[in-house]
Each structure stands twice: as C-alpha cells, then as structure tokens.
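A.B. asks: My structure is below; once you've seen it, I'll send some questions.
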Amino acid sequence: MNPVIETYTRFIFLEDEPGPADIIFLPGSQEEALARRAAALWRGGYAPVILPSGKYAKLEGTFTKDPAFRTEWEYFHHILREEGVPEERILREEEATFTYENALRSREVTDRAGLSVRRAILCCQAYHARRASLYYQVCFPEARLFICPVVTKGIGRDNWYQSERGIDLVLTEVKHCGSQFGQILREAAGLSVHTEP
C-alpha cells in the first residue's frame, strides 16, 4: 500500500476488539447496520445498556431515511427492539444534530441517570471512527473506549482510496478532525471560537 494512503488509513479507520463495557454508544446516523451491530454486541453480553443519540443531521434539517420516524433515535430504537433489545435497556437522546453534540448530549444522559462510564463501546461508521472517538473521548475522558465500527456506504479501510466517493468521505473526515476539533481546543483554552461553516 502507498505510504500516504496507509497513513490516512491508520488515522481514520480505528477498530478494537470489543470488551466488557458499561454502555454502548450509538451516534446519530441513518445507517441501520449500526443499530444492528450495537444490538449484536448487547446480545453478546458486552454491555447492559445502549444509548442511541440523534435527532437528524443538522445540514438536512429533518430525518429523511423513513417517514415513519421523526428522529435518528426513533429509527435506531425501532431496530434495536426488532433485534430483541428490551425497552428498559435502551436509553434516549434525540436532540443532537451533529457528532460532537451526540457525545455532549450522551454525557448529559449518563450523568442524569447516575451512570459511571469507565468502559464504553462506540459503534460508529468505519470512515467516521476517528472523529467520533475524539468527540466521545472529550466528553468521557475517564472512559476507555472500544471502537467497534461498521463499514457503511461500501467504504472501508481496504478500499476507500479506490473511488471518488471514498476519497472524498475520508479526506473530509481528516479535514473535520482538524477544523472541528480545533474549536473544542479553543473553547477549552478560553480562546475565541470560529463558527462551523
């Protein structure tokens, strides 16, 4: 593999073996495979609860996958129930409209519930793994995160550089890791924050 491609691949496509955890985080998306993977991990006994998070994508302004559902949370909740996850094992967050907000609002939910999160599974899209992990780590600094991604849109670590779409998605993620995380660092340092375009 080309060393430049290998560098980007290692940076973006994080993946861990799942381990015992306190919770499974499921950041907002319209990809049903994420909820099915989270349900499989729950059935495997890796964590007692799942926290899907999401209203809809900020740029879209509405949930477009299926008119039967108003939010990403409702959609994921439906799939999790189909997969046998009991109602009482599914937590709720349906206000977030972007990834950092998924992490922030998830922290609010776990704090309100009195949950101590020391180990967590993050079930996200494969090409989104680095950025999602950064945000959840910022909001759960005390937690060990197990990144358990799902290949979506046909874009994975072995083929992203072979299509226009894959290249665009991955390099946009690299860009966002700099621009969006830079805002978080500025906030932490008390510096002026530039608005996300």
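In the structure tokens, chains take the letters A, B, ... in the order shown, each chain's residues start at 1, and ligands count up from 1 in the order shown.
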Near region 58-64 of chain A, counting only C-alpha atoms, which residues have an atom at most 9 Å away, once you skip same-chain residues fewer than 6 positions from it, shown as an MDAnalysis selection string?
C.D. replies: chainID A and resid 30 70:72 96:98
A.B. asks: Using DSSP on the backbone coordinates, identify the residues of region 24-156 of chain A assigned to alpha helix (DSSP H); present them as a ChimeraX atom specification.
C.D. replies: /A:32-43,72-82,99-112,129-139
A.B. asks: Can you list, as number ranges by chain, every residue of region 25-91 of chain A that DSSP puts in strand (DSSP E or B)?
C.D. replies: A: 25-26, 50-53, 90
A.B. asks: Fewer than 4 positions away in the same chain doesn't count, so skip those; otherwise give me all residues within 12 Å of Glu6 (chain A), counting only C-alpha atoms, as a list in words.
C.D. replies: Met1, Asn2, Arg10, Phe11, Ile12, Phe13, Arg157, Asp158, Asn159, Trp160 and Tyr161 of chain A
A.B. asks: Pull C-alpha atoms from the residues just selected and write them as a PDB file, in the first residue's frame.
C.D. replies:
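part_19.pdb was written with the following content:
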```pdb
ATOM      1  CA  MET A   1       0.000   0.000   0.000  1.00  0.00           C
ATOM      2  CA  ASN A   2       1.152   3.513  -0.788  1.00  0.00           C
ATOM      3  CA  ARG A  10      -4.354   4.228  10.098  1.00  0.00           C
ATOM      4  CA  PHE A  11      -5.529   7.664  11.229  1.00  0.00           C
ATOM      5  CA  ILE A  12      -9.183   7.369  10.196  1.00  0.00           C
ATOM      6  CA  PHE A  13     -10.071   3.680  10.418  1.00  0.00           C
ATOM      7  CA  ARG A 157     -10.122   0.665   5.204  1.00  0.00           C
ATOM      8  CA  ASP A 158      -9.251  -1.638   2.293  1.00  0.00           C
ATOM      9  CA  ASN A 159     -10.963   0.270  -0.499  1.00  0.00           C
ATOM     10  CA  TRP A 160     -11.609   3.930   0.405  1.00  0.00           C
ATOM     11  CA  TYR A 161      -8.816   5.165  -1.861  1.00  0.00           C
TER      12      TYR A 161
END
```
A.B. asks: Find the spatial neighbours of Glu83 (chain A), counting only C-alpha atoms, within a cut-off of 8 Å - ignore same-chain residues fewer than 5 positions away - and output them as number ranges by chain.
C.D. replies: A: 36, 39-40
A.B. asks: Can I get the selection written as a PDB file, in the first residue's frame, with all heavy atoms?
C.D. replies:
```
ATOM      1  N   ARG A  36     -27.926  -2.521  14.269  1.00  0.00           N
ATOM      2  CA  ARG A  36     -27.881  -3.994  14.285  1.00  0.00           C
ATOM      3  C   ARG A  36     -26.573  -4.484  14.925  1.00  0.00           C
ATOM      4  O   ARG A  36     -26.560  -5.456  15.662  1.00  0.00           O
ATOM      5  CB  ARG A  36     -28.061  -4.535  12.872  1.00  0.00           C
ATOM      6  CG  ARG A  36     -29.405  -4.115  12.274  1.00  0.00           C
ATOM      7  CD  ARG A  36     -30.023  -5.115  11.338  1.00  0.00           C
ATOM      8  NE  ARG A  36     -31.236  -4.552  10.735  1.00  0.00           N
ATOM      9  CZ  ARG A  36     -32.453  -4.607  11.279  1.00  0.00           C
ATOM     10  NH1 ARG A  36     -32.639  -5.195  12.446  1.00  0.00           N
ATOM     11  NH2 ARG A  36     -33.500  -4.080  10.664  1.00  0.00           N
ATOM     12  N   ALA A  39     -26.905  -3.956  18.673  1.00  0.00           N
ATOM     13  CA  ALA A  39     -27.769  -4.993  19.254  1.00  0.00           C
ATOM     14  C   ALA A  39     -27.017  -6.320  19.385  1.00  0.00           C
ATOM     15  O   ALA A  39     -27.142  -7.027  20.391  1.00  0.00           O
ATOM     16  CB  ALA A  39     -29.020  -5.173  18.401  1.00  0.00           C
ATOM     17  N   ALA A  40     -26.214  -6.654  18.381  1.00  0.00           N
ATOM     18  CA  ALA A  40     -25.439  -7.896  18.439  1.00  0.00           C
ATOM     19  C   ALA A  40     -24.438  -7.851  19.589  1.00  0.00           C
ATOM     20  O   ALA A  40     -24.241  -8.846  20.307  1.00  0.00           O
ATOM     21  CB  ALA A  40     -24.722  -8.131  17.114  1.00  0.00           C
TER      22      ALA A  40
END
```
A.B. asks: To one decimal place in Å, what is the distance between CA of Ala68 (chain A) and CA of Phe25 (chain A)?
C.D. replies: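 Between these atoms lies a distance of 23.3 Å.
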A.B. asks: Set out as JSON lines a contact list for region 41-74 of chain A and region 106-121 of chain A with a cut-off of 10 Å, giving each residue of region 41-74 of chain A that qualifies its closest atom pair and distance in Å to one decimal, counting only C-alpha atoms, ordered by chain and rising residue number.
C.D. replies:
```
{"residue": "A:Leu41", "atom": "CA", "partner": "A:Ile121", "partner_atom": "CA", "distance": 8.9}
{"residue": "A:Tyr46", "atom": "CA", "partner": "A:Ile121", "partner_atom": "CA", "distance": 8.4}
{"residue": "A:Ala47", "atom": "CA", "partner": "A:Ala120", "partner_atom": "CA", "distance": 8.0}
{"residue": "A:Ile50", "atom": "CA", "partner": "A:Ile121", "partner_atom": "CA", "distance": 9.2}
{"residue": "A:Leu51", "atom": "CA", "partner": "A:Ser106", "partner_atom": "CA", "distance": 7.3}
{"residue": "A:Pro52", "atom": "CA", "partner": "A:Ser106", "partner_atom": "CA", "distance": 8.4}
{"residue": "A:Ser53", "atom": "CA", "partner": "A:Ser106", "partner_atom": "CA", "distance": 6.7}
{"residue": "A:Gly54", "atom": "CA", "partner": "A:Ser106", "partner_atom": "CA", "distance": 9.5}
```
A.B. asks: Between A:Arg131, A:Lys153, A:His77, A:Arg92, which has the minimum distance to Ser179 (chain A) (counting only C-alpha atoms)?
C.D. replies: A:Arg131
A.B. asks: Restricting the calculation to only C-alpha atoms: of A:Glu32, A:Glu101, A:Glu164, A:Glu95, which residue gets closest to Lys55 (chain A)?
C.D. replies: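 Of A:Glu32, A:Glu101, A:Glu164, A:Glu95, the one nearest Lys55 (chain A) is A:Glu95, counting only C-alpha atoms.
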A.B. asks: So which one's closest to Asn102 (chain A), A:Pro48, A:Gly154, A:Gly84, A:Pro27? Using only C-alpha atoms, please.
C.D. replies: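 Among A:Pro48, A:Gly154, A:Gly84, A:Pro27, it is A:Pro27 that comes nearest to Asn102 (chain A).
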A.B. asks: What is the distance, in Å and to one decimal place, between CA of Gln125 (chain A) and CA of Val150 (chain A)?
C.D. replies: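 These two atoms are separated by 5.0 Å.
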A.B. asks: Restricting the calculation to only C-alpha atoms: of A:Leu80, A:Trp73, A:Arg89, A:Thr152, which residue gets closest to Ile23 (chain A)?
C.D. replies: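 Once distances to Ile23 (chain A) are computed over only C-alpha atoms, the minimum belongs to A:Arg89.
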A.B. asks: Go through A:Tyr75, A:Phe140, A:Tyr100, A:Tyr127 and flag the residue nearest Glu173 (chain A), using only C-alpha atoms for the distances.
C.D. replies: A:Tyr127
A.B. asks: Of the candidates A:Arg144, A:Arg165, A:Arg37, A:His128, which one gets nearest to Asp22 (chain A) if we count only C-alpha atoms?
C.D. replies: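 Closest residue, counting only C-alpha atoms: A:Arg144.
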A.B. asks: Mind giving me the straight-line distance from CA of Pro86 (chain A) to CA of Trp42 (chain A) in Å, one decimal?
C.D. replies: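 Separation between CA of Pro86 (chain A) and CA of Trp42 (chain A): 10.4 Å.
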